[in-house]
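input-v2.txt (compact mmCIF, C-alpha atoms)
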```txt
# COMPACT_ATOMS: atom_id res chain seq x y z
CA MET A 1 -19.46 136.47 73.97
CA THR A 2 -15.71 136.02 73.52
CA TYR A 3 -13.34 134.30 75.94
CA LEU A 4 -12.03 137.75 76.90
CA ASP A 5 -15.53 138.78 77.94
CA ILE A 6 -15.80 135.70 80.14
CA ILE A 7 -12.43 136.43 81.76
CA PHE A 8 -13.46 140.05 82.27
CA TYR A 9 -16.69 139.13 84.07
CA ILE A 10 -14.87 136.61 86.24
CA PHE A 11 -12.34 139.33 87.02
CA LEU A 12 -15.18 141.59 88.17
CA ILE A 13 -16.41 138.86 90.53
CA VAL A 14 -12.85 138.40 91.85
CA VAL A 15 -12.53 142.15 92.45
CA PHE A 16 -15.80 142.12 94.39
CA ILE A 17 -14.59 139.19 96.54
CA GLN A 18 -11.28 140.91 97.29
CA LEU A 19 -13.09 144.16 98.07
CA SER A 20 -15.41 142.34 100.48
CA TYR A 21 -12.61 140.62 102.39
CA TYR A 22 -10.44 143.70 102.72
CA LEU A 23 -13.19 146.15 103.65
CA LEU A 24 -15.57 144.01 105.71
CA ILE A 25 -13.09 141.69 107.46
CA PHE A 26 -9.52 142.98 107.39
CA GLY A 27 -10.69 146.56 107.77
CA LYS A 28 -12.17 145.71 111.18
CA PHE A 29 -8.66 145.20 112.53
CA ALA A 30 -6.84 147.77 110.40
CA PHE A 31 -9.20 150.66 111.17
CA GLY A 32 -10.15 149.56 114.70
CA LYS A 33 -9.15 151.52 117.77
CA MET A 34 -5.82 150.88 119.43
CA GLN A 35 -6.21 148.41 122.25
CA LYS A 36 -6.17 149.30 125.94
CA SER A 37 -5.24 146.83 128.65
CA LYS A 38 -6.70 146.31 132.11
CA PRO A 39 -4.16 144.47 134.31
CA LYS A 40 -5.65 141.43 136.06
CA ASN A 41 -2.76 140.15 138.21
CA ILE A 42 -3.96 136.56 137.83
CA ALA A 43 -1.53 133.69 138.38
CA VAL A 44 -0.02 132.64 135.03
CA SER A 45 2.01 129.63 133.89
CA VAL A 46 4.31 130.34 130.92
CA LEU A 47 4.98 127.17 128.93
CA VAL A 48 8.04 126.75 126.71
CA CYS A 49 8.41 123.47 124.84
CA ALA A 50 11.95 122.82 123.58
CA LYS A 51 13.59 120.14 121.51
CA ASN A 52 17.35 120.63 121.03
CA GLU A 53 17.14 124.36 121.81
CA ALA A 54 20.00 124.72 124.31
CA GLN A 55 21.36 127.97 122.89
CA ASN A 56 17.93 129.62 122.62
CA LEU A 57 16.94 128.53 126.12
CA HIS A 58 20.10 130.05 127.54
CA LYS A 59 19.45 133.30 125.68
CA PHE A 60 15.71 133.87 125.94
CA VAL A 61 14.38 132.19 129.10
CA PRO A 62 16.13 134.77 131.35
CA LEU A 63 14.14 137.48 129.52
CA ILE A 64 10.92 135.70 130.46
CA ALA A 65 12.13 135.29 134.04
CA LYS A 66 12.62 139.09 134.25
CA GLN A 67 9.01 139.86 133.36
CA ASP A 68 7.37 142.58 135.46
CA TYR A 69 4.51 140.48 136.77
CA PRO A 70 3.67 139.56 140.38
CA ASP A 71 2.64 135.89 140.08
CA PHE A 72 3.95 133.59 137.35
CA GLU A 73 5.87 130.37 136.87
CA ILE A 74 7.83 129.15 133.86
CA VAL A 75 7.29 125.55 132.80
CA LEU A 76 10.22 124.38 130.67
CA ILE A 77 9.35 121.22 128.73
CA ASN A 78 12.32 119.19 127.51
CA ASP A 79 10.94 117.17 124.60
CA ALA A 80 13.45 114.30 124.48
CA SER A 81 16.32 116.60 123.45
CA THR A 82 19.61 115.01 122.40
CA ASP A 83 21.68 118.15 123.08
CA ASN A 84 22.26 119.74 126.49
CA SER A 85 18.85 121.46 126.65
CA LEU A 86 17.99 119.67 129.89
CA ALA A 87 21.25 120.79 131.52
CA ILE A 88 20.54 124.40 130.51
CA MET A 89 17.04 124.12 131.98
CA GLU A 90 18.43 122.77 135.25
CA ASP A 91 20.95 125.60 135.41
CA LEU A 92 18.18 128.16 134.82
CA ALA A 93 15.97 126.52 137.47
CA ALA A 94 18.83 126.81 139.97
CA LYS A 95 18.94 130.59 139.33
CA HIS A 96 15.19 131.23 139.29
CA ASN A 97 12.87 129.68 141.87
CA ASN A 98 9.78 130.03 139.64
CA ILE A 99 11.06 127.66 136.94
CA ASN A 100 9.71 124.10 136.82
CA ILE A 101 11.04 121.43 134.47
CA VAL A 102 9.12 118.69 132.72
CA ASP A 103 11.50 116.13 131.22
CA VAL A 104 9.70 114.17 128.50
CA LYS A 105 11.05 110.86 127.26
CA ASN A 106 10.19 109.47 123.85
CA ASN A 107 7.01 107.41 123.87
CA GLU A 108 6.43 104.78 121.18
CA ALA A 109 2.79 105.81 120.81
CA PHE A 110 3.66 109.52 120.42
CA TRP A 111 7.14 109.44 118.91
CA ALA A 112 8.44 112.93 118.11
CA ASN A 113 5.00 114.44 118.80
CA LYS A 114 5.14 117.92 120.32
CA LYS A 115 1.52 117.62 121.45
CA TYR A 116 2.42 114.79 123.82
CA ALA A 117 5.15 116.90 125.41
CA LEU A 118 2.88 119.94 125.67
CA THR A 119 0.14 117.84 127.26
CA LEU A 120 2.51 116.76 130.02
CA GLY A 121 3.61 120.36 130.49
CA ILE A 122 0.03 121.60 130.76
CA LYS A 123 -0.76 118.93 133.34
CA ALA A 124 2.29 119.98 135.36
CA ALA A 125 1.40 123.70 135.27
CA LYS A 126 0.32 124.99 138.68
CA ASN A 127 -1.87 127.81 137.42
CA ASP A 128 -5.14 127.87 135.50
CA TYR A 129 -4.06 130.56 133.04
CA LEU A 130 -1.54 129.33 130.47
CA LEU A 131 0.67 131.45 128.22
CA PHE A 132 2.63 129.74 125.44
CA THR A 133 5.71 130.71 123.47
CA ASP A 134 8.54 128.91 121.68
CA ALA A 135 12.12 128.43 122.85
CA ASP A 136 13.46 130.69 120.09
CA CYS A 137 11.12 133.57 120.98
CA LYS A 138 11.70 136.59 123.16
CA PRO A 139 9.14 139.04 124.58
CA THR A 140 9.51 142.53 123.17
CA SER A 141 9.03 144.05 126.62
CA LYS A 142 8.97 143.17 130.31
CA HIS A 143 5.19 143.66 130.26
CA TRP A 144 4.41 140.75 127.92
CA ILE A 145 2.72 138.56 130.56
CA LYS A 146 0.79 141.52 131.97
CA GLU A 147 -0.53 142.55 128.56
CA MET A 148 -1.53 139.07 127.38
CA SER A 149 -3.19 138.16 130.68
CA SER A 150 -5.03 141.50 130.79
CA GLN A 151 -7.33 140.34 127.99
CA PHE A 152 -8.72 137.41 129.99
CA SER A 153 -12.22 137.71 131.44
CA ASN A 154 -14.95 135.37 132.62
CA GLU A 155 -16.06 135.05 129.01
CA LYS A 156 -12.79 135.43 127.10
CA THR A 157 -10.74 132.31 127.86
CA ILE A 158 -8.57 132.26 124.70
CA ILE A 159 -6.18 135.10 123.82
CA LEU A 160 -4.44 135.32 120.45
CA GLY A 161 -1.21 137.34 120.38
CA TYR A 162 1.31 138.39 117.74
CA GLY A 163 4.55 136.49 117.29
CA GLY A 164 6.66 138.32 114.75
CA HIS A 165 10.24 137.97 113.55
CA SER A 166 13.30 140.09 114.31
CA ARG A 167 14.60 142.31 111.51
CA ILE A 168 17.71 141.41 109.56
CA LYS A 169 19.20 144.32 107.65
CA LYS A 170 19.63 143.97 103.87
CA SER A 171 17.87 140.58 103.83
CA VAL A 172 15.14 140.16 101.21
CA LEU A 173 14.21 136.76 102.63
CA ASN A 174 13.71 138.30 106.08
CA LYS A 175 11.31 140.86 104.62
CA LEU A 176 9.36 138.11 102.84
CA ILE A 177 9.09 136.04 106.02
CA ARG A 178 8.10 139.00 108.15
CA TYR A 179 5.54 140.13 105.60
CA GLU A 180 3.98 136.67 105.40
CA THR A 181 3.89 136.46 109.20
CA MET A 182 2.30 139.91 109.43
CA LEU A 183 -0.37 139.09 106.83
CA THR A 184 -1.23 135.86 108.64
CA ALA A 185 -1.66 137.82 111.88
CA ILE A 186 -3.81 140.44 110.17
CA GLN A 187 -6.03 137.63 108.91
CA TYR A 188 -6.52 135.74 112.16
CA PHE A 189 -6.91 138.97 114.16
CA SER A 190 -9.45 140.28 111.65
CA PHE A 191 -11.44 137.07 111.46
CA THR A 192 -11.54 136.97 115.27
CA LYS A 193 -12.88 140.55 115.43
CA PHE A 194 -15.41 139.55 112.75
CA GLY A 195 -16.57 136.71 115.01
CA ILE A 196 -14.94 133.80 113.17
CA PRO A 197 -11.68 132.92 114.99
CA TYR A 198 -9.90 130.12 113.17
CA MET A 199 -6.27 129.91 114.31
CA GLY A 200 -3.50 131.21 116.56
CA VAL A 201 0.27 130.81 116.68
CA GLY A 202 2.21 129.04 119.43
CA ARG A 203 4.80 131.82 119.56
CA ASN A 204 2.29 133.94 121.47
CA LEU A 205 -0.91 132.30 122.62
CA ALA A 206 -2.83 132.01 125.89
CA TYR A 207 -5.81 130.06 127.16
CA ARG A 208 -7.31 128.83 130.37
CA LYS A 209 -6.55 125.27 131.42
CA ASP A 210 -10.20 124.23 131.49
CA VAL A 211 -10.43 125.05 127.76
CA PHE A 212 -7.81 122.37 127.18
CA TYR A 213 -9.45 119.76 129.41
CA ARG A 214 -12.97 120.41 128.13
CA VAL A 215 -12.06 118.97 124.71
CA ASN A 216 -9.60 116.37 126.03
CA GLY A 217 -6.66 118.41 124.83
CA PHE A 218 -5.20 117.46 121.48
CA VAL A 219 -6.96 114.07 121.31
CA ASP A 220 -8.94 114.89 118.15
CA HIS A 221 -5.77 115.57 116.18
CA MET A 222 -3.05 113.83 118.19
CA ASP A 223 -2.18 111.72 115.13
CA ILE A 224 -1.29 114.91 113.20
CA ASN A 225 2.22 115.98 114.18
CA SER A 226 1.64 119.69 113.62
CA GLY A 227 -1.21 121.88 114.78
CA ASP A 228 -0.67 122.15 118.53
CA ASP A 229 -1.57 125.82 118.08
CA ASP A 230 -3.73 126.42 115.00
CA LEU A 231 -5.64 123.11 114.98
CA PHE A 232 -6.33 123.36 118.69
CA ILE A 233 -7.60 126.93 118.40
CA ASN A 234 -9.61 125.96 115.32
CA SER A 235 -11.39 123.29 117.34
CA VAL A 236 -12.15 125.30 120.50
CA ALA A 237 -12.38 129.00 119.53
CA ASN A 238 -15.66 130.79 118.90
CA SER A 239 -16.96 134.35 118.79
CA ASN A 240 -17.73 134.36 122.51
CA ASN A 241 -14.60 132.87 124.11
CA THR A 242 -11.78 134.36 122.01
CA SER A 243 -10.07 137.73 122.14
CA ILE A 244 -6.94 139.25 120.63
CA CYS A 245 -4.02 141.16 122.12
CA PHE A 246 -2.05 143.57 119.94
CA THR A 247 -0.71 146.22 122.29
CA PRO A 248 2.86 147.13 121.25
CA VAL A 249 4.41 145.60 124.39
CA SER A 250 2.55 142.29 124.06
CA PHE A 251 4.49 140.92 121.07
CA THR A 252 7.11 138.21 120.89
CA ARG A 253 9.80 137.98 118.24
CA SER A 254 11.94 135.14 116.98
CA LYS A 255 14.72 134.72 114.47
CA SER A 256 13.51 134.10 110.96
CA LYS A 257 14.91 131.43 108.69
CA THR A 258 17.99 132.50 106.75
CA ASN A 259 17.73 129.82 104.08
CA PHE A 260 14.88 129.82 101.55
CA ASN A 261 14.54 126.02 101.46
CA ASP A 262 14.25 125.89 105.25
CA TRP A 263 11.49 128.48 105.16
CA PHE A 264 9.74 126.70 102.28
CA ASN A 265 9.72 123.42 104.21
CA GLN A 266 8.54 125.18 107.38
CA LYS A 267 5.60 126.75 105.54
CA ARG A 268 4.77 123.39 103.99
CA ARG A 269 4.34 122.00 107.50
CA HIS A 270 2.19 124.91 108.59
CA ILE A 271 -0.06 124.93 105.54
CA SER A 272 -0.52 121.14 105.62
CA THR A 273 -2.68 121.49 108.73
CA ALA A 274 -5.18 123.82 107.04
CA HIS A 275 -7.19 121.01 105.42
CA HIS A 276 -8.06 119.82 108.95
CA TYR A 277 -9.81 123.13 109.75
CA LYS A 278 -13.58 123.39 110.10
CA LEU A 279 -15.41 123.42 106.77
CA LEU A 280 -16.47 127.08 107.01
CA HIS A 281 -12.89 128.18 107.68
CA LYS A 282 -11.55 126.11 104.80
CA LEU A 283 -14.11 127.56 102.41
CA LEU A 284 -13.43 131.15 103.46
CA LEU A 285 -9.65 130.77 103.24
CA ALA A 286 -9.87 128.93 99.91
CA GLU A 287 -12.11 131.65 98.50
CA PHE A 288 -9.76 134.39 99.66
CA TYR A 289 -6.55 132.79 98.35
CA SER A 290 -8.19 131.77 95.07
CA SER A 291 -9.42 135.32 94.52
CA GLN A 292 -5.93 136.63 95.23
CA ILE A 293 -4.21 134.53 92.60
CA LEU A 294 -7.01 135.07 90.04
CA PHE A 295 -6.86 138.82 90.65
CA TRP A 296 -3.19 138.94 89.67
CA ILE A 297 -3.38 136.49 86.76
CA MET A 298 -6.56 137.83 85.17
CA GLY A 299 -5.79 141.47 85.86
CA ILE A 300 -2.33 141.32 84.29
CA PHE A 301 -3.63 139.24 81.37
CA LEU A 302 -6.49 141.63 80.57
CA ILE A 303 -4.16 144.64 80.83
CA PHE A 304 -1.67 142.92 78.53
CA MET A 305 -4.47 142.17 76.04
CA LYS A 306 -5.72 145.79 76.40
CA PHE A 307 -9.26 144.48 76.87
CA LYS A 308 -11.49 147.16 78.40
CA LEU A 309 -8.17 148.64 79.47
CA ILE A 310 -9.42 151.72 81.32
CA ILE A 311 -11.93 149.75 83.45
CA VAL A 312 -9.54 146.89 84.23
CA LEU A 313 -6.64 149.19 85.00
CA ALA A 314 -8.80 151.38 87.24
CA LEU A 315 -10.09 148.37 89.20
CA PHE A 316 -6.61 146.86 89.41
CA ILE A 317 -5.07 150.05 90.79
CA PHE A 318 -8.02 150.63 93.13
CA ILE A 319 -7.68 147.20 94.76
CA LEU A 320 -3.90 147.60 95.08
CA LEU A 321 -4.35 150.99 96.76
CA LEU A 322 -7.01 149.55 99.07
CA LYS A 323 -4.67 146.72 100.09
CA TYR A 324 -1.86 149.19 100.59
CA LEU A 325 -4.07 151.33 102.83
CA ILE A 326 -5.43 148.47 104.97
CA VAL A 327 -2.14 146.63 105.30
CA GLY A 328 -0.51 149.96 106.11
CA PHE A 329 -2.84 150.73 109.00
CA ALA A 330 -2.60 147.15 110.28
CA SER A 331 1.21 147.12 110.04
CA LYS A 332 1.37 150.20 112.25
CA LYS A 333 -0.50 148.25 114.96
CA LEU A 334 2.00 145.38 114.62
CA ASN A 335 5.11 147.60 114.42
CA GLU A 336 6.00 146.40 110.90
CA THR A 337 5.76 149.70 109.03
CA ASP A 338 9.06 149.23 107.20
CA LEU A 339 7.38 146.59 105.01
CA ILE A 340 4.65 148.84 103.61
CA PHE A 341 6.52 150.26 100.63
CA LEU A 342 7.12 146.76 99.28
CA THR A 343 3.51 145.58 99.71
CA PRO A 344 2.56 144.93 96.03
CA PHE A 345 5.81 143.09 95.26
CA LEU A 346 5.78 141.02 98.46
CA GLU A 347 2.14 140.06 97.99
CA LEU A 348 2.70 139.04 94.37
CA PHE A 349 5.55 136.80 95.41
CA LEU A 350 3.63 135.30 98.32
CA VAL A 351 0.55 134.49 96.22
CA PHE A 352 2.59 132.28 93.91
CA PHE A 353 4.78 131.05 96.77
CA GLN A 354 1.71 129.73 98.58
CA PHE A 355 0.43 128.18 95.38
CA SER A 356 3.75 126.34 94.92
CA ILE A 357 3.48 125.05 98.50
CA PHE A 358 -0.02 123.77 97.79
CA ILE A 359 1.28 121.87 94.77
CA ALA A 360 4.29 120.52 96.70
CA ASN A 361 2.03 119.25 99.50
CA LEU A 362 -0.14 117.46 96.98
CA ILE A 363 2.91 115.60 95.67
CA SER A 364 4.48 114.65 99.02
CA LYS A 365 3.90 115.07 102.74
CA PRO A 366 6.09 117.59 104.61
CA LYS A 367 8.29 116.61 107.56
CA HIS A 368 7.19 117.78 111.00
CA TRP A 369 8.44 118.39 114.60
CA LYS A 370 12.17 117.79 114.58
```
Go ahead and express the file in the form of structure tokens.
Amino acid sequence: MTYLDIIFYIFLIVVFIQLSYYLLIFGKFAFGKMQKSKPKNIAVSVLVCAKNEAQNLHKFVPLIAKQDYPDFEIVLINDASTDNSLAIMEDLAAKHNNINIVDVKNNEAFWANKKYALTLGIKAAKNDYLLFTDADCKPTSKHWIKEMSSQFSNEKTIILGYGGHSRIKKSVLNKLIRYETMLTAIQYFSFTKFGIPYMGVGRNLAYRKDVFYRVNGFVDHMDINSGDDDLFINSVANSNNTSICFTPVSFTRSKSKTNFNDWFNQKRRHISTAHHYKLLHKLLLAEFYSSQILFWIMGIFLIFMKFKLIIVLALFIFILLLKYLIVGFASKKLNETDLIFLTPFLELFLVFFQFSIFIANLISKPKHWK
């Protein structure tokens, strides 16, 4: 048996792994029925944690205040800002009687730790149902609170939403960022529907207050600066208590990075939390990402070497078409259809982009909450 035979057989295994993930897991979200909502009209507290976000607070909080929902408060958490964020919050509170402010001072034990600020905000929230977003995010409709809260039930106490990015015309970087964000959402939505929820994003996330208190909040990972969203969800979510919300009016959107280095450093922070996930989640994600990079490397190499060319080329094209189909159906649910035509190129870039982040994080630790 030659080395090319060995590579070929490994390639077959990789193709089978990719096929399994896309059909059995991601297909559950992509080909699933469009979601329907059942309004609950439960009292909701919307929490926005901000550190030096004066401009964004001034721009986006009024959009939250105008939500078409009968009973909600907005908890603005000023995380030791050095700009005029607190003054903007006070001005907003004077205009809207449902805004409450939590002014957090730096604490030596939790210096620059967003989780400490969020904990104080959660404790100050008047309602049992909590909805989280970031200061630079805006709801895509006035029904955001209604849609996210509609997925709560006696059993479902954690709701994962979609926080995408606004489009920037003629920006390749914007397309890359939006595509990566969309793929991440497809993955955590699909795994949740499969019964293995493993993460959520703080741009659009909801859970009941007792979920937070039952595990003593962020205490198990308070020493890790990042992970107030994904690490928390990873520790508390299970197949019984977690649901997803992907109705078109339930999304939030934020501005994407406009500088590649800024985005690279941001993703380094996000990915650095993954090794704190539960073992099963780490193994599944590692298997998926490893199979992705091996699929591209081995497939292109075998095609270049013309080894069993017809078989390899057929499998290579088949998997690409399958990904195109599944990502296409999923993107329609997330209102990101303009990205579909670039799917193979964007995925190829992201596979090696994520690998470079993995290497960078091995060499040095990323910086966290500003």
I want to know what sits within 10 Å of range 83-96 of chain A, based on all atoms listed in the file, with residues of the same chain fewer than 5 positions away left out; could you give that as a compact mmCIF listing (two decimals) with C-alpha atoms, in the frame of the given file?
```txt
# COMPACT_ATOMS: atom_id res chain seq x y z
CA ALA A 50 11.95 122.82 123.58
CA LYS A 51 13.59 120.14 121.51
CA ASN A 52 17.35 120.63 121.03
CA GLU A 53 17.14 124.36 121.81
CA ALA A 54 20.00 124.72 124.31
CA GLN A 55 21.36 127.97 122.89
CA ASN A 56 17.93 129.62 122.62
CA LEU A 57 16.94 128.53 126.12
CA HIS A 58 20.10 130.05 127.54
CA VAL A 61 14.38 132.19 129.10
CA PRO A 62 16.13 134.77 131.35
CA ALA A 65 12.13 135.29 134.04
CA LYS A 66 12.62 139.09 134.25
CA GLU A 73 5.87 130.37 136.87
CA ILE A 74 7.83 129.15 133.86
CA VAL A 75 7.29 125.55 132.80
CA LEU A 76 10.22 124.38 130.67
CA ILE A 77 9.35 121.22 128.73
CA ASN A 78 12.32 119.19 127.51
CA ILE A 101 11.04 121.43 134.47
CA VAL A 102 9.12 118.69 132.72
CA ASP A 103 11.50 116.13 131.22
```
In terms of all atoms listed in the file, the residue from A:Ile42, A:Ile177, A:Leu4, A:Val104 at minimal distance from Leu130 in chain A is A:Ile42
Give me the residues near range 16-26 of chain A as a ChimeraX atom specification, where near means some atom within 8 Å (using all atoms listed in the file) and where sequence neighbours in that chain fewer than 4 positions away do not count.
/A:12,30,186-187,190-191,194,288,291-292,319,322-323,326
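Rounded to one decimal, CA of Ile145 in chain A and CA of Lys28 in chain A lie 25.5 Å from each other.
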Students should find that CA of Ser331 in chain A and CA of Tyr277 in chain A are spaced 26.4 Å
Among A:Phe218, A:Tyr213, A:Tyr198, A:Tyr207, Tyr116 in chain A is approached most closely, using all atoms listed in the file, by A:Phe218
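Selection around (-1.1, 126.6, 121.7) with radius 6 Å, counting only C-alpha atoms, yields the residues Gly202, Leu205, Asp228 and Asp229 of chain A.
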Fewer than 5 positions away in the same chain doesn't count, so skip those; otherwise give me all residues within 10 Å of range 312-315 of chain A, counting all atoms listed in the file, as a ChimeraX atom specification. /A:8,11-12,15-16,298-300,302-303,306-307,320-321
**range 164-173 of chain A environment, 9 Å, all atoms listed in the file, sequence neighbours closer than 4 positions dropped, as a VMD selection string** = chain A and resid 137 177 to 178 181 to 182 185 203 251 to 260 334 336
Could you check which residues have any atom within 12 Å of (-5.9, 118.2, 125.8), counting only C-alpha atoms with coordinates taken straight from the file, and then list them as JSON, numbers by chain?
{"A": [115, 116, 117, 118, 119, 120, 121, 122, 123, 207, 208, 209, 210, 211, 212, 213, 214, 215, 216, 217, 218, 219, 220, 221, 222, 228, 229, 231, 232, 233, 235, 236]}
Restricting to only C-alpha atoms, whichever of A:Leu346, A:Ile99, A:Met148, A:Ala124 is closest to Leu183 in chain A is A:Leu346
Worksheet item: Mind pulling up the distance from CA of Phe316 in chain A to CA of Lys332 in chain A?
Response: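 One can read the CA of Lys332 in chain A to CA of Phe316 in chain A distance as 24.4 Å.
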ask   = Looking at A:Leu176, A:Pro70, A:Phe132, A:Val327, which one is nearest to Phe31 in chain A, with distances taken over all atoms listed in the file?
value =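 Answer, going by the shortest atom-to-atom distance: A:Val327.
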Q.
Taking 4 positions as the minimum chain separation for residues in the same chain, which residues sit within 10 Å of Ser149 in chain A when counting only C-alpha atoms? Answer as a PyMOL selection string.
A. chain A and resi 37-44+129-131+144-145+153+157-159+206-207+245+250
Open item on the list: Under the rule that all atoms listed in the file are counted, which of A:Asp71, A:Asn225, A:Phe355, A:Gln35 is the nearest residue to Ala286 in chain A?
Closed with: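 Among the listed residues, A:Phe355 lies closest to Ala286 in chain A.
Proximity to Met199 in chain A was assessed for A:Met34, A:Ile10, A:Ala237, A:Ile357 counting only C-alpha atoms; the smallest distance is recorded for A:Ala237.
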For range 248-265 of chain A, which lacks atoms in the input, supply N, CA and C atoms and format the output as a PDB file, in the frame of the given file.
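After the write, rebuild02.pdb holds the following:
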```pdb
ATOM      1  N   PRO A 248       1.472 147.191 121.714  1.00  0.00           N
ATOM      2  CA  PRO A 248       2.860 147.130 121.250  1.00  0.00           C
ATOM      3  C   PRO A 248       3.817 146.352 122.156  1.00  0.00           C
ATOM      4  N   VAL A 249       3.510 146.295 123.465  1.00  0.00           N
ATOM      5  CA  VAL A 249       4.410 145.600 124.390  1.00  0.00           C
ATOM      6  C   VAL A 249       4.004 144.153 124.630  1.00  0.00           C
ATOM      7  N   SER A 250       3.034 143.656 123.876  1.00  0.00           N
ATOM      8  CA  SER A 250       2.550 142.290 124.060  1.00  0.00           C
ATOM      9  C   SER A 250       3.131 141.302 123.054  1.00  0.00           C
ATOM     10  N   PHE A 251       3.986 141.765 122.148  1.00  0.00           N
ATOM     11  CA  PHE A 251       4.490 140.920 121.070  1.00  0.00           C
ATOM     12  C   PHE A 251       5.646 140.032 121.533  1.00  0.00           C
ATOM     13  N   THR A 252       5.868 138.970 120.787  1.00  0.00           N
ATOM     14  CA  THR A 252       7.110 138.210 120.890  1.00  0.00           C
ATOM     15  C   THR A 252       7.779 138.246 119.523  1.00  0.00           C
ATOM     16  N   ARG A 253       9.081 138.036 119.510  1.00  0.00           N
ATOM     17  CA  ARG A 253       9.800 137.980 118.240  1.00  0.00           C
ATOM     18  C   ARG A 253      10.794 136.830 118.269  1.00  0.00           C
ATOM     19  N   SER A 254      10.983 136.238 117.109  1.00  0.00           N
ATOM     20  CA  SER A 254      11.940 135.140 116.980  1.00  0.00           C
ATOM     21  C   SER A 254      12.787 135.363 115.750  1.00  0.00           C
ATOM     22  N   LYS A 255      13.875 134.625 115.661  1.00  0.00           N
ATOM     23  CA  LYS A 255      14.720 134.720 114.470  1.00  0.00           C
ATOM     24  C   LYS A 255      14.013 134.057 113.298  1.00  0.00           C
ATOM     25  N   SER A 256      14.093 134.693 112.148  1.00  0.00           N
ATOM     26  CA  SER A 256      13.510 134.100 110.960  1.00  0.00           C
ATOM     27  C   SER A 256      14.516 133.155 110.308  1.00  0.00           C
ATOM     28  N   LYS A 257      14.023 132.316 109.442  1.00  0.00           N
ATOM     29  CA  LYS A 257      14.910 131.430 108.690  1.00  0.00           C
ATOM     30  C   LYS A 257      15.831 132.279 107.808  1.00  0.00           C
ATOM     31  N   THR A 258      17.035 131.788 107.603  1.00  0.00           N
ATOM     32  CA  THR A 258      17.990 132.500 106.750  1.00  0.00           C
ATOM     33  C   THR A 258      18.260 131.754 105.450  1.00  0.00           C
ATOM     34  N   ASN A 259      17.589 130.622 105.291  1.00  0.00           N
ATOM     35  CA  ASN A 259      17.730 129.820 104.080  1.00  0.00           C
ATOM     36  C   ASN A 259      16.345 129.607 103.486  1.00  0.00           C
ATOM     37  N   PHE A 260      16.203 129.880 102.191  1.00  0.00           N
ATOM     38  CA  PHE A 260      14.880 129.820 101.550  1.00  0.00           C
ATOM     39  C   PHE A 260      14.278 128.419 101.638  1.00  0.00           C
ATOM     40  N   ASN A 261      15.063 127.377 101.416  1.00  0.00           N
ATOM     41  CA  ASN A 261      14.540 126.020 101.460  1.00  0.00           C
ATOM     42  C   ASN A 261      14.018 125.662 102.845  1.00  0.00           C
ATOM     43  N   ASP A 262      14.716 126.143 103.881  1.00  0.00           N
ATOM     44  CA  ASP A 262      14.250 125.890 105.250  1.00  0.00           C
ATOM     45  C   ASP A 262      12.901 126.548 105.485  1.00  0.00           C
ATOM     46  N   TRP A 263      12.771 127.777 105.000  1.00  0.00           N
ATOM     47  CA  TRP A 263      11.490 128.480 105.160  1.00  0.00           C
ATOM     48  C   TRP A 263      10.395 127.793 104.355  1.00  0.00           C
ATOM     49  N   PHE A 264      10.713 127.382 103.137  1.00  0.00           N
ATOM     50  CA  PHE A 264       9.740 126.700 102.280  1.00  0.00           C
ATOM     51  C   PHE A 264       9.216 125.445 102.969  1.00  0.00           C
ATOM     52  N   ASN A 265      10.117 124.653 103.531  1.00  0.00           N
ATOM     53  CA  ASN A 265       9.720 123.420 104.210  1.00  0.00           C
ATOM     54  C   ASN A 265       8.920 123.709 105.482  1.00  0.00           C
TER      55      ASN A 265
END
```
